[in-house]
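Participant: my_file-v4.cif (mmCIF, C-alpha atoms, pLDDT in the B column; chains and numbers go by the auth columns) pasted underneath:
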```cif
data_model
loop_
_atom_site.group_PDB
_atom_site.id
_atom_site.type_symbol
_atom_site.label_atom_id
_atom_site.label_comp_id
_atom_site.label_asym_id
_atom_site.label_seq_id
_atom_site.Cartn_x
_atom_site.Cartn_y
_atom_site.Cartn_z
_atom_site.B_iso_or_equiv
_atom_site.auth_seq_id
_atom_site.auth_asym_id
ATOM 1 C CA MET A 1 4.753 -28.850 -37.676 51.00 143 A
ATOM 2 C CA ARG A 2 5.245 -31.046 -34.637 57.00 144 A
ATOM 3 C CA LEU A 3 2.678 -31.030 -31.831 51.00 145 A
ATOM 4 C CA PRO A 4 4.983 -29.533 -29.121 54.00 146 A
ATOM 5 C CA SER A 5 5.915 -26.677 -31.472 54.00 147 A
ATOM 6 C CA LEU A 6 2.287 -26.040 -32.314 49.00 148 A
ATOM 7 C CA LEU A 7 1.355 -26.072 -28.622 48.00 149 A
ATOM 8 C CA CYS A 8 4.113 -23.539 -27.793 48.00 150 A
ATOM 9 C CA LEU A 9 2.979 -21.314 -30.654 48.00 151 A
ATOM 10 C CA CYS A 10 -0.637 -21.397 -29.406 50.00 152 A
ATOM 11 C CA LEU A 11 0.455 -20.515 -25.865 49.00 153 A
ATOM 12 C CA LEU A 12 2.600 -17.654 -27.170 50.00 154 A
ATOM 13 C CA PHE A 13 -0.380 -16.048 -28.933 49.00 155 A
ATOM 14 C CA ALA A 14 -2.769 -16.736 -26.045 46.00 156 A
ATOM 15 C CA ALA A 15 -0.495 -15.238 -23.338 42.00 157 A
ATOM 16 C CA PRO A 16 -1.407 -11.556 -23.944 42.00 158 A
ATOM 17 C CA THR A 17 -5.099 -12.454 -23.838 40.00 159 A
ATOM 18 C CA LEU A 18 -4.670 -14.279 -20.534 42.00 160 A
ATOM 19 C CA ARG A 19 -2.923 -11.272 -18.939 47.00 161 A
ATOM 20 C CA ALA A 20 -5.342 -8.640 -20.242 63.00 162 A
ATOM 21 C CA GLU A 21 -7.876 -7.316 -17.762 77.00 163 A
ATOM 22 C CA SER A 22 -11.547 -7.845 -18.516 85.00 164 A
ATOM 23 C CA LYS A 23 -13.366 -4.815 -19.851 87.00 165 A
ATOM 24 C CA LYS A 24 -16.846 -6.005 -18.894 90.00 166 A
ATOM 25 C CA PRO A 25 -18.459 -3.772 -16.230 90.00 167 A
ATOM 26 C CA SER A 26 -20.101 -6.836 -14.657 90.00 168 A
ATOM 27 C CA ASP A 27 -16.610 -8.097 -13.683 95.00 169 A
ATOM 28 C CA TYR A 28 -16.057 -4.995 -11.515 96.00 170 A
ATOM 29 C CA PRO A 29 -18.201 -5.248 -8.336 96.00 171 A
ATOM 30 C CA LEU A 30 -16.741 -2.238 -6.482 97.00 172 A
ATOM 31 C CA ARG A 31 -17.225 1.459 -7.221 97.00 173 A
ATOM 32 C CA ILE A 32 -14.782 4.324 -6.788 97.00 174 A
ATOM 33 C CA HIS A 33 -15.578 8.048 -6.687 96.00 175 A
ATOM 34 C CA VAL A 34 -12.507 10.135 -7.594 93.00 176 A
ATOM 35 C CA TYR A 35 -12.509 13.493 -5.772 91.00 177 A
ATOM 36 C CA GLY A 36 -9.277 14.859 -7.082 77.00 178 A
ATOM 37 C CA ARG A 37 -6.063 13.845 -8.700 69.00 179 A
ATOM 38 C CA SER A 38 -2.880 15.342 -10.018 62.00 180 A
ATOM 39 C CA GLU A 39 -1.615 13.955 -13.256 57.00 181 A
ATOM 40 C CA THR A 40 1.253 14.147 -15.695 62.00 182 A
ATOM 41 C CA THR A 41 0.595 12.984 -19.237 65.00 183 A
ATOM 42 C CA PHE A 42 3.378 11.538 -21.365 56.00 184 A
ATOM 43 C CA TYR A 43 3.354 11.720 -25.166 63.00 185 A
ATOM 44 C CA HIS A 44 5.247 9.954 -27.945 58.00 186 A
ATOM 45 C CA GLY A 45 5.226 12.414 -30.796 70.00 187 A
ATOM 46 C CA ARG A 46 1.732 13.854 -30.546 64.00 188 A
ATOM 47 C CA VAL A 47 0.111 10.671 -29.279 60.00 189 A
ATOM 48 C CA GLU A 48 -0.790 10.345 -25.606 58.00 190 A
ATOM 49 C CA GLU A 49 0.966 7.263 -24.257 60.00 191 A
ATOM 50 C CA GLU A 50 0.391 7.258 -20.509 68.00 192 A
ATOM 51 C CA ALA A 51 -0.746 9.282 -17.530 76.00 193 A
ATOM 52 C CA LYS A 52 0.767 9.044 -14.056 81.00 194 A
ATOM 53 C CA GLY A 53 -0.287 10.713 -10.852 87.00 195 A
ATOM 54 C CA ASP A 54 -2.000 10.438 -7.491 90.00 196 A
ATOM 55 C CA GLY A 55 -5.286 11.366 -5.922 92.00 197 A
ATOM 56 C CA ARG A 56 -8.043 10.874 -3.363 93.00 198 A
ATOM 57 C CA ALA A 57 -11.261 8.919 -3.687 95.00 199 A
ATOM 58 C CA ASN A 58 -13.956 6.969 -1.876 97.00 200 A
ATOM 59 C CA LEU A 59 -14.165 3.246 -2.469 98.00 201 A
ATOM 60 C CA PHE A 60 -17.573 1.571 -2.099 98.00 202 A
ATOM 61 C CA GLU A 61 -17.335 -2.076 -1.074 97.00 203 A
ATOM 62 C CA ASN A 62 -20.038 -4.229 0.536 96.00 204 A
ATOM 63 C CA GLY A 63 -22.305 -1.218 1.071 94.00 205 A
ATOM 64 C CA VAL A 64 -19.661 0.778 2.963 96.00 206 A
ATOM 65 C CA ALA A 65 -17.411 3.622 1.794 97.00 207 A
ATOM 66 C CA HIS A 66 -13.776 4.198 2.762 97.00 208 A
ATOM 67 C CA GLY A 67 -11.418 6.972 1.765 97.00 209 A
ATOM 68 C CA VAL A 68 -8.528 5.966 -0.463 96.00 210 A
ATOM 69 C CA ASP A 69 -5.317 7.758 -1.329 95.00 211 A
ATOM 70 C CA PHE A 70 -3.915 6.369 -4.566 94.00 212 A
ATOM 71 C CA SER A 71 -1.225 6.590 -7.195 93.00 213 A
ATOM 72 C CA PHE A 72 -1.734 5.472 -10.777 88.00 214 A
ATOM 73 C CA ASP A 73 -0.017 4.729 -14.061 83.00 215 A
ATOM 74 C CA CYS A 74 -2.563 4.466 -16.880 81.00 216 A
ATOM 75 C CA SER A 75 -2.710 4.439 -20.657 78.00 217 A
ATOM 76 C CA GLU A 76 -5.676 6.865 -20.529 76.00 218 A
ATOM 77 C CA LYS A 77 -6.296 9.997 -18.474 77.00 219 A
ATOM 78 C CA LEU A 78 -8.051 9.354 -15.172 82.00 220 A
ATOM 79 C CA LYS A 79 -10.743 11.982 -14.812 85.00 221 A
ATOM 80 C CA GLN A 80 -12.283 13.267 -11.601 87.00 222 A
ATOM 81 C CA SER A 81 -15.793 11.877 -11.020 89.00 223 A
ATOM 82 C CA PHE A 82 -18.606 14.170 -12.096 89.00 224 A
ATOM 83 C CA GLY A 83 -21.228 14.769 -9.424 88.00 225 A
ATOM 84 C CA TYR A 84 -21.824 11.513 -7.570 90.00 226 A
ATOM 85 C CA THR A 85 -20.865 9.194 -10.421 91.00 227 A
ATOM 86 C CA THR A 86 -18.363 6.420 -9.833 95.00 228 A
ATOM 87 C CA TYR A 87 -16.078 4.144 -11.831 94.00 229 A
ATOM 88 C CA PRO A 88 -16.360 0.341 -11.705 96.00 230 A
ATOM 89 C CA ALA A 89 -13.412 -1.248 -9.855 97.00 231 A
ATOM 90 C CA LYS A 90 -12.119 -4.567 -8.547 97.00 232 A
ATOM 91 C CA TRP A 91 -9.257 -5.635 -6.328 97.00 233 A
ATOM 92 C CA LYS A 92 -6.122 -6.871 -8.029 96.00 234 A
ATOM 93 C CA LYS A 93 -4.331 -7.152 -4.672 96.00 235 A
ATOM 94 C CA PRO A 94 -6.887 -6.687 -1.862 94.00 236 A
ATOM 95 C CA GLY A 95 -6.239 -3.525 0.122 93.00 237 A
ATOM 96 C CA ARG A 96 -3.225 -2.575 -2.019 96.00 238 A
ATOM 97 C CA GLU A 97 -4.084 -2.385 -5.716 96.00 239 A
ATOM 98 C CA LEU A 98 -7.335 -1.735 -7.601 96.00 240 A
ATOM 99 C CA VAL A 99 -8.115 -2.076 -11.281 96.00 241 A
ATOM 100 C CA VAL A 100 -10.518 0.637 -12.449 94.00 242 A
ATOM 101 C CA LEU A 101 -12.616 0.492 -15.608 94.00 243 A
ATOM 102 C CA ILE A 102 -12.469 3.841 -17.412 89.00 244 A
ATOM 103 C CA PRO A 103 -14.873 4.727 -20.252 87.00 245 A
ATOM 104 C CA VAL A 104 -13.139 5.794 -23.464 84.00 246 A
ATOM 105 C CA PHE A 105 -14.341 9.319 -24.301 81.00 247 A
ATOM 106 C CA GLY A 106 -16.598 9.403 -27.376 84.00 248 A
ATOM 107 C CA GLN A 107 -16.900 5.613 -27.693 87.00 249 A
ATOM 108 C CA SER A 108 -19.980 4.036 -26.110 87.00 250 A
ATOM 109 C CA ASN A 109 -19.405 0.758 -24.254 87.00 251 A
ATOM 110 C CA THR A 110 -15.630 0.948 -24.784 89.00 252 A
ATOM 111 C CA TYR A 111 -13.316 0.904 -21.783 91.00 253 A
ATOM 112 C CA SER A 112 -9.681 0.934 -20.761 89.00 254 A
ATOM 113 C CA THR A 113 -8.314 -0.238 -17.437 92.00 255 A
ATOM 114 C CA CYS A 114 -6.084 1.539 -14.968 89.00 256 A
ATOM 115 C CA SER A 115 -4.261 0.169 -11.920 92.00 257 A
ATOM 116 C CA LEU A 116 -4.319 2.218 -8.720 94.00 258 A
ATOM 117 C CA LYS A 117 -1.923 1.559 -5.857 96.00 259 A
ATOM 118 C CA THR A 118 -4.076 2.237 -2.806 96.00 260 A
ATOM 119 C CA ASP A 119 -3.883 3.286 0.820 96.00 261 A
ATOM 120 C CA VAL A 120 -7.329 2.578 2.305 97.00 262 A
ATOM 121 C CA LYS A 121 -8.296 4.891 5.179 97.00 263 A
ATOM 122 C CA ASP A 122 -10.496 4.371 8.238 96.00 264 A
ATOM 123 C CA PHE A 123 -12.560 7.435 7.256 97.00 265 A
ATOM 124 C CA VAL A 124 -14.439 8.694 4.198 97.00 266 A
ATOM 125 C CA TYR A 125 -13.777 11.801 2.113 95.00 267 A
ATOM 126 C CA ALA A 126 -16.628 14.316 1.728 91.00 268 A
ATOM 127 C CA ARG A 127 -16.963 17.809 0.262 87.00 269 A
ATOM 128 C CA HIS A 128 -18.381 20.535 2.453 83.00 270 A
ATOM 129 C CA ASP A 129 -18.445 24.194 1.389 82.00 271 A
ATOM 130 C CA GLY A 130 -16.158 23.285 -1.508 81.00 272 A
ATOM 131 C CA ASN A 131 -13.485 21.750 0.716 88.00 273 A
ATOM 132 C CA LEU A 132 -12.524 18.113 0.928 89.00 274 A
ATOM 133 C CA ARG A 133 -12.862 16.851 4.498 93.00 275 A
ATOM 134 C CA SER A 134 -12.826 13.561 6.324 94.00 276 A
ATOM 135 C CA GLU A 135 -15.973 12.053 7.824 94.00 277 A
ATOM 136 C CA SER A 136 -16.508 8.952 9.913 96.00 278 A
ATOM 137 C CA VAL A 137 -17.493 5.837 7.986 97.00 279 A
ATOM 138 C CA ASP A 138 -20.626 5.485 10.149 96.00 280 A
ATOM 139 C CA LYS A 139 -21.785 9.062 9.544 95.00 281 A
ATOM 140 C CA TYR A 140 -21.295 8.726 5.788 95.00 282 A
ATOM 141 C CA HIS A 141 -23.086 5.362 5.772 96.00 283 A
ATOM 142 C CA ALA A 142 -26.069 6.905 7.598 95.00 284 A
ATOM 143 C CA TRP A 143 -26.142 9.666 4.945 93.00 285 A
ATOM 144 C CA MET A 144 -26.057 7.007 2.191 94.00 286 A
ATOM 145 C CA LEU A 145 -29.014 5.181 3.733 95.00 287 A
ATOM 146 C CA LYS A 146 -31.005 8.373 4.286 94.00 288 A
ATOM 147 C CA HIS A 147 -30.554 9.402 0.634 94.00 289 A
ATOM 148 C CA ASP A 148 -30.758 5.937 -0.957 95.00 290 A
ATOM 149 C CA TYR A 149 -27.250 6.333 -2.394 95.00 291 A
ATOM 150 C CA ASP A 150 -25.681 2.976 -3.242 96.00 292 A
ATOM 151 C CA PRO A 151 -23.326 3.131 -6.253 96.00 293 A
ATOM 152 C CA GLU A 152 -22.577 -0.598 -6.045 95.00 294 A
ATOM 153 C CA HIS A 153 -26.209 -1.286 -6.947 94.00 295 A
ATOM 154 C CA GLY A 154 -26.745 1.390 -9.614 93.00 296 A
ATOM 155 C CA LYS A 155 -28.048 4.113 -7.280 94.00 297 A
ATOM 156 C CA GLU A 156 -25.566 6.858 -8.250 91.00 298 A
ATOM 157 C CA THR A 157 -27.866 9.789 -7.594 91.00 299 A
ATOM 158 C CA PRO A 158 -28.848 10.426 -3.983 91.00 300 A
ATOM 159 C CA VAL A 159 -32.493 11.362 -3.442 91.00 301 A
ATOM 160 C CA ASN A 160 -33.990 14.207 -1.376 85.00 302 A
ATOM 161 C CA VAL A 161 -30.699 16.047 -0.930 82.00 303 A
ATOM 162 C CA ALA A 162 -30.900 19.681 0.152 76.00 304 A
ATOM 163 C CA ALA A 163 -27.999 21.905 -0.917 66.00 305 A
ATOM 164 C CA SER A 164 -26.934 22.212 2.719 62.00 306 A
ATOM 165 C CA GLU A 165 -26.518 18.458 3.061 66.00 307 A
ATOM 166 C CA ALA A 166 -25.042 17.521 -0.313 68.00 308 A
ATOM 167 C CA GLU A 167 -22.671 15.300 1.643 69.00 309 A
ATOM 168 C CA PRO A 168 -22.326 14.702 5.354 67.00 310 A
ATOM 169 C CA SER A 169 -21.014 17.670 7.282 51.00 311 A
ATOM 170 C CA GLY A 170 -20.288 18.718 10.810 41.00 312 A
ATOM 171 C CA PRO A 171 -17.205 18.414 12.938 37.00 313 A
ATOM 172 C CA ALA A 172 -14.611 16.957 10.630 38.00 314 A
ATOM 173 C CA GLU A 173 -10.937 17.134 10.046 41.00 315 A
ATOM 174 C CA SER A 174 -9.916 19.179 7.021 41.00 316 A
ATOM 175 C CA VAL A 175 -7.834 17.453 4.419 49.00 317 A
ATOM 176 C CA ALA A 176 -5.090 19.304 2.605 48.00 318 A
ATOM 177 C CA PRO A 177 -6.325 20.436 -0.814 45.00 319 A
ATOM 178 C CA HIS A 178 -5.433 18.160 -3.685 46.00 320 A
ATOM 179 C CA THR A 179 -5.308 20.078 -6.932 44.00 321 A
ATOM 180 C CA PRO A 180 -5.822 18.309 -10.244 43.00 322 A
#
```
If you convert what's in this file into structure tokens, what do you get?
Facilitator:
Amino acid sequence: MRLPSLLCLCLLFAAPTLRAESKKPSDYPLRIHVYGRSETTFYHGRVEEEAKGDGRANLFENGVAHGVDFSFDCSEKLKQSFGYTTYPAKWKKPGRELVVLIPVFGQSNTYSTCSLKTDVKDFVYARHDGNLRSESVDKYHAWMLKHDYDPEHGKETPVNVAASEAEPSGPAESVAPHTP
């Protein structure tokens, strides 16, 4: 086999590997907390092929949270965050598209990736009395500091949180409910 043909063949087999997203959590410096999402799952036969939908979340970047409205098209279901837990994320197109690392259910240390088209807000989402509301970035940041909550640095459980202050509250604008 001639060298140019061999080189083309090597590039052909390497191309999918070059395009594939990393599945190492250390490559995902941001964190995203999914509050709610609506989703439609598509099947081929009885095998789940993809899930599409939209939702609301908080994105944690450089110690600050911002609300994010997003749409997605994933090979796996995107689940709502449980409690205060977050998913690892990184920018694919800063401010417009995130790649999120999603754990594969029942398989330790195995992940899939999902791209989210994003609309980053100048406020943060917070739950109060079961309703999703908007809060100022500064107020939410003060709450994070007070409760040592910093998902970007492994602190996914706030400390010293009374039930009445599970998340910041007070005068806030209500956000239309988003049902999963």
Participant: Please write the residues picked by the PyMOL selection byres ((chain A and resi 221-229) around 8) on this file as a list of chain:residue names.
Facilitator: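 Output of the PyMOL selection byres ((chain A and resi 221-229) around 8): A:Arg173, A:Ile174, A:His175, A:Val176, A:Tyr177, A:Gly178, A:Arg179, A:Lys219, A:Leu220, A:Pro230, A:Ala231, A:Val242, A:Leu243, A:Ile244, A:Pro293, A:Glu298, A:Thr299, A:Pro300.
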Participant: What gap, in Å, lies between CA of Glu203 (chain A) and CA of Ser278 (chain A)?
Facilitator: 15.6 Å
Participant: At what distance in Å, to one decimal, does CA of Arg269 (chain A) lie from CA of Leu172 (chain A)?
Facilitator: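 Separation of CA of Leu172 (chain A) and CA of Arg269 (chain A): 21.2 Å.
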Participant: Could you jot down the CA of Ser250 (chain A) to CA of Phe212 (chain A) separation for me, Å, one decimal place?
Facilitator: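 Atom-to-atom, CA of Ser250 (chain A) to CA of Phe212 (chain A), that is 27.0 Å.
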Participant: If the PyMOL selection byres ((chain A and resi 282) around 12) were run on this exact file, what residues would it hold? Put them as a PyMOL selection string.
Facilitator: chain A and resi 200+202+205-209+264-269+275-281+283-292+307-312+314
Participant: Which residue, A:Thr260, A:Gly248, A:Asn302, A:Leu240, has the smallest gap to Tyr170 (chain A) when you use only C-alpha atoms?
Facilitator: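 Checking each candidate against Tyr170 (chain A), we get A:Leu240 as the closest.
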Participant: Taking all atoms listed in the file into account, name the residue in A:Val210, A:Cys256, A:Ala304, A:Val241 that is nearest to Asp169 (chain A).
Facilitator: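 Ranked by minimum distance to Asp169 (chain A), first place goes to A:Val241.
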Participant: Identify which of the residues A:Glu218, A:Glu294, A:Asp271, A:Asp196 lies closest to Pro171 (chain A), counting all atoms listed in the file when measuring atom-to-atom distances.
Facilitator: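 That would be A:Glu294, the residue with the smallest distance to Pro171 (chain A).
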Participant: Looking at A:Ala199, A:Gly187, A:Lys166, A:Lys297, which one is nearest to Lys263 (chain A), with distances taken over all atoms listed in the file?
Facilitator: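 Result for the nearest residue to Lys263 (chain A): A:Ala199.
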Participant: Output as lines of an AutoDock Vina configuration file the centre and edge lengths (Å, one decimal) of the box along x, y and z of the file that holds every listed atom of region 237-243 of chain A after adding 4 Å on each side.
Facilitator:
```
center_x = -7.9
center_y = -1.4
center_z = -7.7
size_x = 17.4
size_y = 12.2
size_z = 23.7
```
Participant: Of the candidates A:Ala193, A:Val303, A:Glu239, A:Lys232, which one gets nearest to Val262 (chain A) if we count all atoms listed in the file?
Facilitator: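 So, comparing all the options, the nearest one is A:Glu239.
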Participant: Find, counting only C-alpha atoms, the residue in A:Lys234, A:His295, A:Lys165, A:Lys259 that gets nearest to Gly195 (chain A).
Facilitator: A:Lys259
